[in-house]
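Enquirer: Handing you this structure, nothing more for now.
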Amino acid sequence: MKSLLKNAVFKFRRLSWRDPAGLLAAGVLLLGLSVNAVAADKLKIGYIYPSPVGDVGWAYELDRGRQAIEAEFGDQVESIVVENIPEGPDAARIMNQFAAEGAKMIMLGSFGYMNDGLKLAKRYPDIKIIHASGYKLADNMGNFQTRNYESAYVAGMSAGYVTKSNTIGMVAAYAIPEVVGIINAFTLGAQSVNPDVTMKVVWLNSWFDPSKAQESARSLIAQQSDVIFSIYQDTPSVVTVAEEEGVYVVNTSSDMKKYAPKHLLGSMQISWKNHFIEQTRAVLDGSFKGIAYWGGMAEGAVSMESWSDDLTAEQVAALNAKITDITDGKFHPFTGPITGQDNKVMIAEGETISDPDLLGISWLVKGVETKLPK
Amino acid sequence: MLDSLVFVLAGTLAAATPLILAAMGELVVEKSGVLNLSIEGMMATGAATGFVVATQTDSTVAGFAMAALAAMLLSLIFAILALGFLASQVATGLAVGILGLGVSVLIGKDFEGTTIKPLEKVDLGFLSDLPLLGEVLFAQDVVVYLGIASVVLVSFVLNRTKLGLVIRAVGESPEAANSIGYPVLLVRTCAIAFGGAMAGLGGAHLTLSYTPLWAEGLVAGRGWIVVALVVFGTWQAPRIAIGAYLFGAVSLIELFVQGQGFAIPSQLMSAMPYIITIVVLAAISRNPRVVRLNYPASLGLPYLRSE
């Protein structure tokens, strides 16, 4: 019986929401699960991912967090995973399904699950929810984000070191504050070692179009960019173009070394392990509170992986020193004086940006040539 | 500057190829009087199948062949429902399209986010080494040339051969074609199968050459562009090709302009390929007589053979 359940859960995990046959099977399995769900005492944790768990990327990193929970708590927890759920009514239905199945903790893997998640939190006070990148909180609903601007600053430094054309190209989806903050930090980092560097950005205006991302990278390379910064591309689209064209590339979320063994400059890795384990422990011992978690290098939530061998020993030492400073809280990438694109001083000398300002940042620093889409 | 020009021009040929292949297929289908809206799904199925087969067998040719076959099988489901059971072509096309998207996810499940070595570019010796021209015209992958050839071929067959005449007759008036002894359903089924295979090839070009990786949703609406191109190109192969190249060129220029930092809202830029393509095609097709001449009179109408 137990193995049957496990098997069912496993199969469910690999299901994708857009295939009708799978949908049917999912329904049947869910039915089976609710009948079979007798294993008491175990903490059932439901996970909803917005995209399929691939080899790299957002959902993959969330799933690594799940694996970390399972490794840490073993028999005490049980996972139910559904991937590739569009934000909207489908997500709400899955959440309610989880509740009906007796899940006492739910991880919501996308911003757009926020309002449905909050409704669920109000309806079921005994279900604890952790939500990726949202801003609404409840006693039993917290959210989590990473301070990617910290690693972006260091990655920017490395780009400043290697660029010969002093032109860096960036491929970004939408100009949301999170992305704007990363672009700024990357630029500031590059300028700190190479004041002449300028940035070109292509906004894709689409969350997912690998072909367009690749063409954007090619267009930036054709315009003399010799380092490409791939921001929140869940596929190795941009990274493979850079490898093919022989320019350096930095990517976010996951390490993509294997897709660009020669030209990956470094990867801005994120990790949910520590946060997920902490939150699960809190649910298990009853101390869970809905908090807004914003993890950086100090919390082990962001790091730099796979520095290129082309960086000199001194450069790597400087990069690592900066990482240590950021980790120890001795350095904040957004420390003034910082000037905006229009030459206005945005952060005065000696001042540091506040967290709320950084969360809502909507201006680009000097040195970024592209304007923000308005 | 030359780099940028090469980027736009060479990229245009590659970007337009999936659209052209699928559009030539759909043109034949619509000329036979059938409206198949499942292009997006068939392209996705072809893209996934081609990628998986090419990865597993190390043979790009096998990848393209199986992509064409898989999409053709999908199109035959459409044929059975729409021709055999006289189901609404619009509704059936949409349903089969959604099915195709689901099938593509299922096929590509274990390959999500993986990459493949892209199809080799041809090397025509000194021709490929010519500045600008060489890189743009003589250093593409072989499928790009097949795309151009398909425009010439489809145009020739439809307008200059007896086979083309039969296809068009079936699309204009299936009753008349039937009464002089042409097998309407067979002709339409073959047209649909051809359309499916071409959509599959177009999809495979996406994953095996243009964007050499598989990820769900990779086709990203190109199937719908194809449907629009056929209509706005007024069912004439050369105009459809012009539309496809224009669409490809503008979508690349858009990225280039963004990188230059002009103060044009990027959202407007992203809409440009659609706006310009539609405006230009509408402008060259503004003669209503020509449109009516080329519009297959029985497009989308179910046909029940009267004994």
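The chains in the structure tokens are called A, B, ... from first to last as shown; in each chain the residues are counted from 1, and the ligands are counted from 1 in the order shown.
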Extract, using only C-alpha atoms, all DNA, RNA and protein residues at most 12 Å from Leu69 in chain B, discarding same-chain residues fewer than 3 positions from it, and format them as a list of chain:residue names.
Expert: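 Returned residues: B:Met42, B:Met43, B:Thr45, B:Gly46, B:Ala47, B:Thr49, B:Gly50, B:Val53, B:Ala62, B:Gly63, B:Phe64, B:Ala65, B:Met66, B:Met72, B:Leu73, B:Leu74, B:Ser75, B:Leu76, B:Ala193, B:Phe194, B:Gly195, B:Gly196, B:Ala197, B:Met198, B:Ala199, B:Gly200, B:Leu201, B:Gly203, B:Ala204.
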Enquirer: Output the selection as a short mmCIF file (atom, residue, chain, number, x, y, z; two decimals), in the first residue's frame - N, CA and C atoms for each residue.
Expert:
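New file out-v6.cif:
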```cif
data_model
loop_
_atom_site.label_atom_id
_atom_site.label_comp_id
_atom_site.auth_asym_id
_atom_site.auth_seq_id
_atom_site.Cartn_x
_atom_site.Cartn_y
_atom_site.Cartn_z
N MET B 42 0.70 21.30 -34.17
CA MET B 42 1.47 20.41 -35.05
C MET B 42 2.94 20.83 -35.06
N MET B 43 3.18 22.12 -35.06
CA MET B 43 4.57 22.59 -35.01
C MET B 43 5.23 22.15 -33.70
N THR B 45 4.43 19.58 -31.82
CA THR B 45 4.66 18.14 -31.87
C THR B 45 5.88 17.82 -32.72
N GLY B 46 5.98 18.49 -33.88
CA GLY B 46 7.14 18.29 -34.74
C GLY B 46 8.42 18.71 -34.05
N ALA B 47 8.34 19.85 -33.36
CA ALA B 47 9.53 20.36 -32.67
C ALA B 47 10.02 19.37 -31.62
N THR B 49 9.21 16.07 -31.30
CA THR B 49 9.58 14.79 -31.89
C THR B 49 10.95 14.88 -32.56
N GLY B 50 11.11 15.92 -33.37
CA GLY B 50 12.38 16.09 -34.06
C GLY B 50 13.54 16.15 -33.09
N VAL B 53 14.08 12.64 -31.33
CA VAL B 53 14.64 11.64 -32.25
C VAL B 53 16.09 12.00 -32.61
N ALA B 62 16.91 12.00 -39.51
CA ALA B 62 15.87 11.19 -38.86
C ALA B 62 14.96 12.08 -38.02
N GLY B 63 15.56 13.07 -37.38
CA GLY B 63 14.77 14.00 -36.58
C GLY B 63 13.72 14.71 -37.43
N PHE B 64 14.16 15.26 -38.54
CA PHE B 64 13.22 15.97 -39.42
C PHE B 64 12.15 15.01 -39.96
N ALA B 65 12.58 13.81 -40.36
CA ALA B 65 11.64 12.85 -40.94
C ALA B 65 10.57 12.47 -39.92
N MET B 66 10.99 12.17 -38.69
CA MET B 66 10.02 11.75 -37.69
C MET B 66 9.14 12.93 -37.26
N MET B 72 2.17 14.80 -39.16
CA MET B 72 1.25 14.31 -40.17
C MET B 72 0.19 13.42 -39.52
N LEU B 73 0.63 12.55 -38.60
CA LEU B 73 -0.33 11.69 -37.91
C LEU B 73 -1.37 12.53 -37.17
N LEU B 74 -0.87 13.58 -36.53
CA LEU B 74 -1.77 14.47 -35.79
C LEU B 74 -2.78 15.11 -36.76
N SER B 75 -2.27 15.52 -37.93
CA SER B 75 -3.16 16.18 -38.89
C SER B 75 -4.20 15.18 -39.41
N LEU B 76 -3.85 13.89 -39.43
CA LEU B 76 -4.81 12.90 -39.90
C LEU B 76 -5.96 12.72 -38.90
N ALA B 193 -2.54 16.06 -44.87
CA ALA B 193 -1.34 15.32 -44.47
C ALA B 193 -0.09 16.10 -44.87
N PHE B 194 -0.13 16.68 -46.08
CA PHE B 194 1.00 17.49 -46.52
C PHE B 194 1.19 18.69 -45.59
N GLY B 195 0.07 19.33 -45.26
CA GLY B 195 0.14 20.48 -44.35
C GLY B 195 0.72 20.09 -43.01
N GLY B 196 0.32 18.92 -42.51
CA GLY B 196 0.84 18.44 -41.23
C GLY B 196 2.34 18.21 -41.29
N ALA B 197 2.77 17.54 -42.37
CA ALA B 197 4.20 17.25 -42.51
C ALA B 197 5.01 18.54 -42.56
N MET B 198 4.51 19.52 -43.30
CA MET B 198 5.24 20.79 -43.43
C MET B 198 5.30 21.52 -42.08
N ALA B 199 4.19 21.49 -41.34
CA ALA B 199 4.19 22.13 -40.02
C ALA B 199 5.20 21.42 -39.11
N GLY B 200 5.26 20.09 -39.24
CA GLY B 200 6.22 19.32 -38.45
C GLY B 200 7.65 19.71 -38.79
N LEU B 201 7.92 19.88 -40.09
CA LEU B 201 9.27 20.29 -40.51
C LEU B 201 9.60 21.68 -39.96
N GLY B 203 8.38 23.06 -37.29
CA GLY B 203 8.64 22.93 -35.86
C GLY B 203 10.03 22.36 -35.60
N ALA B 204 10.40 21.35 -36.40
CA ALA B 204 11.71 20.72 -36.20
C ALA B 204 12.84 21.71 -36.51
#
```
Enquirer: Could you list, with a cut-off of 9 Å and counting only C-alpha atoms, the residues of chain A near chain B, each shown with its nearest atom pair and the distance in Å rounded to one decimal, rows sorted by chain and ascending number, as JSON lines?
Expert:
```
{"residue": "A:Arg14", "atom": "CA", "partner": "B:Lys109", "partner_atom": "CA", "distance": 8.2}
{"residue": "A:Leu15", "atom": "CA", "partner": "B:Leu106", "partner_atom": "CA", "distance": 8.6}
{"residue": "A:Ser16", "atom": "CA", "partner": "B:Val105", "partner_atom": "CA", "distance": 7.3}
{"residue": "A:Trp17", "atom": "CA", "partner": "B:Gly102", "partner_atom": "CA", "distance": 8.4}
{"residue": "A:Arg18", "atom": "CA", "partner": "B:Gly102", "partner_atom": "CA", "distance": 5.2}
{"residue": "A:Asp19", "atom": "CA", "partner": "B:Gly102", "partner_atom": "CA", "distance": 3.8}
{"residue": "A:Pro20", "atom": "CA", "partner": "B:Gly102", "partner_atom": "CA", "distance": 6.6}
{"residue": "A:Ala21", "atom": "CA", "partner": "B:Gly102", "partner_atom": "CA", "distance": 8.3}
{"residue": "A:Gly22", "atom": "CA", "partner": "B:Leu106", "partner_atom": "CA", "distance": 8.5}
{"residue": "A:Ser51", "atom": "CA", "partner": "B:Glu216", "partner_atom": "CA", "distance": 8.8}
{"residue": "A:Pro52", "atom": "CA", "partner": "B:Glu112", "partner_atom": "CA", "distance": 7.6}
{"residue": "A:Val53", "atom": "CA", "partner": "B:Glu112", "partner_atom": "CA", "distance": 7.8}
{"residue": "A:Gly54", "atom": "CA", "partner": "B:Glu112", "partner_atom": "CA", "distance": 5.1}
{"residue": "A:Asp55", "atom": "CA", "partner": "B:Gly113", "partner_atom": "CA", "distance": 6.1}
{"residue": "A:Val56", "atom": "CA", "partner": "B:Gly113", "partner_atom": "CA", "distance": 7.1}
{"residue": "A:Gly57", "atom": "CA", "partner": "B:Gly113", "partner_atom": "CA", "distance": 8.7}
{"residue": "A:Gly169", "atom": "CA", "partner": "B:Gly259", "partner_atom": "CA", "distance": 7.9}
{"residue": "A:Met170", "atom": "CA", "partner": "B:Gly259", "partner_atom": "CA", "distance": 8.9}
{"residue": "A:Met199", "atom": "CA", "partner": "B:Gly259", "partner_atom": "CA", "distance": 8.9}
{"residue": "A:Lys200", "atom": "CA", "partner": "B:Gly259", "partner_atom": "CA", "distance": 5.2}
{"residue": "A:Val201", "atom": "CA", "partner": "B:Gly259", "partner_atom": "CA", "distance": 5.7}
{"residue": "A:Val202", "atom": "CA", "partner": "B:Gln258", "partner_atom": "CA", "distance": 5.6}
{"residue": "A:Trp203", "atom": "CA", "partner": "B:Ser266", "partner_atom": "CA", "distance": 6.6}
{"residue": "A:Leu204", "atom": "CA", "partner": "B:Ser270", "partner_atom": "CA", "distance": 7.7}
{"residue": "A:Asn205", "atom": "CA", "partner": "B:Gln267", "partner_atom": "CA", "distance": 6.6}
{"residue": "A:Phe208", "atom": "CA", "partner": "B:Gly217", "partner_atom": "CA", "distance": 7.7}
{"residue": "A:Asp209", "atom": "CA", "partner": "B:Ala220", "partner_atom": "CA", "distance": 6.2}
{"residue": "A:Pro210", "atom": "CA", "partner": "B:Leu218", "partner_atom": "CA", "distance": 6.4}
{"residue": "A:Ser211", "atom": "CA", "partner": "B:Thr211", "partner_atom": "CA", "distance": 5.3}
{"residue": "A:Lys212", "atom": "CA", "partner": "B:Ser251", "partner_atom": "CA", "distance": 8.6}
{"residue": "A:Gln214", "atom": "CA", "partner": "B:Thr211", "partner_atom": "CA", "distance": 7.1}
{"residue": "A:Glu215", "atom": "CA", "partner": "B:Leu252", "partner_atom": "CA", "distance": 7.0}
{"residue": "A:Ser216", "atom": "CA", "partner": "B:Leu255", "partner_atom": "CA", "distance": 5.7}
{"residue": "A:Ala217", "atom": "CA", "partner": "B:Leu255", "partner_atom": "CA", "distance": 9.0}
{"residue": "A:Arg218", "atom": "CA", "partner": "B:Phe7", "partner_atom": "CA", "distance": 7.2}
{"residue": "A:Ser219", "atom": "CA", "partner": "B:Phe256", "partner_atom": "CA", "distance": 5.5}
{"residue": "A:Leu220", "atom": "CA", "partner": "B:Gly259", "partner_atom": "CA", "distance": 6.3}
{"residue": "A:Ile221", "atom": "CA", "partner": "B:Ser4", "partner_atom": "CA", "distance": 8.7}
{"residue": "A:Ala222", "atom": "CA", "partner": "B:Ser4", "partner_atom": "CA", "distance": 5.0}
{"residue": "A:Gln223", "atom": "CA", "partner": "B:Ser4", "partner_atom": "CA", "distance": 6.3}
{"residue": "A:Gln224", "atom": "CA", "partner": "B:Asp3", "partner_atom": "CA", "distance": 8.6}
{"residue": "A:Asp234", "atom": "CA", "partner": "B:Gly113", "partner_atom": "CA", "distance": 7.9}
{"residue": "A:Thr235", "atom": "CA", "partner": "B:Gly113", "partner_atom": "CA", "distance": 5.3}
{"residue": "A:Pro236", "atom": "CA", "partner": "B:Gly113", "partner_atom": "CA", "distance": 6.9}
{"residue": "A:Ser237", "atom": "CA", "partner": "B:Leu213", "partner_atom": "CA", "distance": 7.2}
{"residue": "A:Thr240", "atom": "CA", "partner": "B:Thr115", "partner_atom": "CA", "distance": 8.1}
{"residue": "A:Tyr259", "atom": "CA", "partner": "B:Thr115", "partner_atom": "CA", "distance": 7.8}
{"residue": "A:Val368", "atom": "CA", "partner": "B:Gly261", "partner_atom": "CA", "distance": 8.9}
{"residue": "A:Glu369", "atom": "CA", "partner": "B:Gly261", "partner_atom": "CA", "distance": 5.5}
{"residue": "A:Thr370", "atom": "CA", "partner": "B:Gly261", "partner_atom": "CA", "distance": 4.2}
{"residue": "A:Lys371", "atom": "CA", "partner": "B:Ala263", "partner_atom": "CA", "distance": 6.5}
{"residue": "A:Leu372", "atom": "CA", "partner": "B:Pro265", "partner_atom": "CA", "distance": 8.1}
{"residue": "A:Pro373", "atom": "CA", "partner": "B:Pro265", "partner_atom": "CA", "distance": 5.2}
{"residue": "A:Lys374", "atom": "CA", "partner": "B:Pro265", "partner_atom": "CA", "distance": 6.4}
```
Enquirer: Can you pull out every residue within 6 Å of Pro273 in chain B, counting only C-alpha atoms, but drop anything in the same chain fewer than 2 positions away, and send it as an NGL selection string?
Expert: :B and (247 or 250-251 or 271 or 275-277)
Enquirer: Write the residues you've just listed into a file as a short mmCIF file (atom, residue, chain, number, x, y, z; two decimals), in the first residue's frame, and include N, CA and C atoms for each of them.
Expert:
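That gives us selection_12.cif:
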```
data_model
loop_
_atom_site.label_atom_id
_atom_site.label_comp_id
_atom_site.auth_asym_id
_atom_site.auth_seq_id
_atom_site.Cartn_x
_atom_site.Cartn_y
_atom_site.Cartn_z
N PHE B 247 8.19 39.64 -41.42
CA PHE B 247 7.96 39.40 -40.00
C PHE B 247 9.28 39.07 -39.29
N VAL B 250 11.58 42.30 -39.16
CA VAL B 250 11.17 43.33 -38.20
C VAL B 250 11.38 42.85 -36.76
N SER B 251 11.15 41.55 -36.53
CA SER B 251 11.33 41.09 -35.15
C SER B 251 12.81 41.12 -34.75
N ALA B 271 5.52 44.93 -30.58
CA ALA B 271 4.31 44.78 -31.39
C ALA B 271 4.58 45.05 -32.87
N ILE B 275 2.38 44.51 -36.47
CA ILE B 275 1.75 45.68 -37.10
C ILE B 275 2.27 45.84 -38.53
N ILE B 276 3.59 45.84 -38.70
CA ILE B 276 4.16 46.09 -40.02
C ILE B 276 3.78 45.00 -41.02
N THR B 277 3.85 43.74 -40.58
CA THR B 277 3.51 42.65 -41.49
C THR B 277 2.07 42.79 -41.96
#
```
Enquirer: Record the distance separating CA of Asp126 in chain A and CA of Val82 in chain A, expressed in Å with one decimal.
Expert: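 Between CA of Asp126 in chain A and CA of Val82 in chain A the gap works out to 21.3 Å.
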Enquirer: For CA of Ile277 in chain A and CA of Leu43 in chain A, quote the distance in Å rounded to one decimal.
Expert: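 So the answer is 13.0 Å.
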Enquirer: Please measure the separation of CA of Leu127 in chain B and CA of Gly147 in chain B, giving the value in Å to one decimal.
Expert: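 These atoms are spaced 19.9 Å apart.
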Enquirer: Could you name the residues that touch Val152 in chain B at 10 Å or less, counting only C-alpha atoms, but leaving out those on the same chain fewer than 6 positions away, as a list in words?
Expert: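 Here the answer would be Met24, Leu146, Ala237, Pro238 and Ala241 of chain B.
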Enquirer: Extract, using only C-alpha atoms, all DNA, RNA and protein residues at most 10 Å from Lys42 in chain A, discarding same-chain residues fewer than 4 positions from it, and format them as a list in words.
Expert: Val38, Gly74, Asp75, Gln76, Val77, Glu78, Ser79, Ala103, Lys104 and Leu284 of chain A
Enquirer: Please save C-alpha atoms of the selected residues as a PDB file, in the first residue's frame.
Expert:
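Once everything was written out, this is out33.pdb:
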```pdb
ATOM      1  CA  VAL A  38      -4.122   7.067   5.826  1.00  0.00           C
ATOM      2  CA  GLY A  74      13.149  11.735   5.991  1.00  0.00           C
ATOM      3  CA  ASP A  75      10.102   9.826   7.226  1.00  0.00           C
ATOM      4  CA  GLN A  76       8.618  12.795   9.018  1.00  0.00           C
ATOM      5  CA  VAL A  77       7.509  14.408   5.777  1.00  0.00           C
ATOM      6  CA  GLU A  78       5.723  13.394   2.647  1.00  0.00           C
ATOM      7  CA  SER A  79       5.682  15.353  -0.609  1.00  0.00           C
ATOM      8  CA  ALA A 103      -1.469  18.749   3.457  1.00  0.00           C
ATOM      9  CA  LYS A 104      -0.450  20.922   6.403  1.00  0.00           C
ATOM     10  CA  LEU A 284       6.890  20.549  12.759  1.00  0.00           C
TER      11      LEU A 284
END
```
Enquirer: In range 61-230 of chain A, what's helix (DSSP H, G or I) per DSSP? Answer as a ChimeraX atom specification?
Expert: /A:61-76,89-100,111-123,148-162,177-193,210-222
Enquirer: Just want the 9 Å neighbourhood of Leu137 in chain B, counted on only C-alpha atoms, with same-chain residues fewer than 6 positions away dropped. Output as a VMD selection string.
Expert: chain B and resid 9 to 10 13 127 to 128
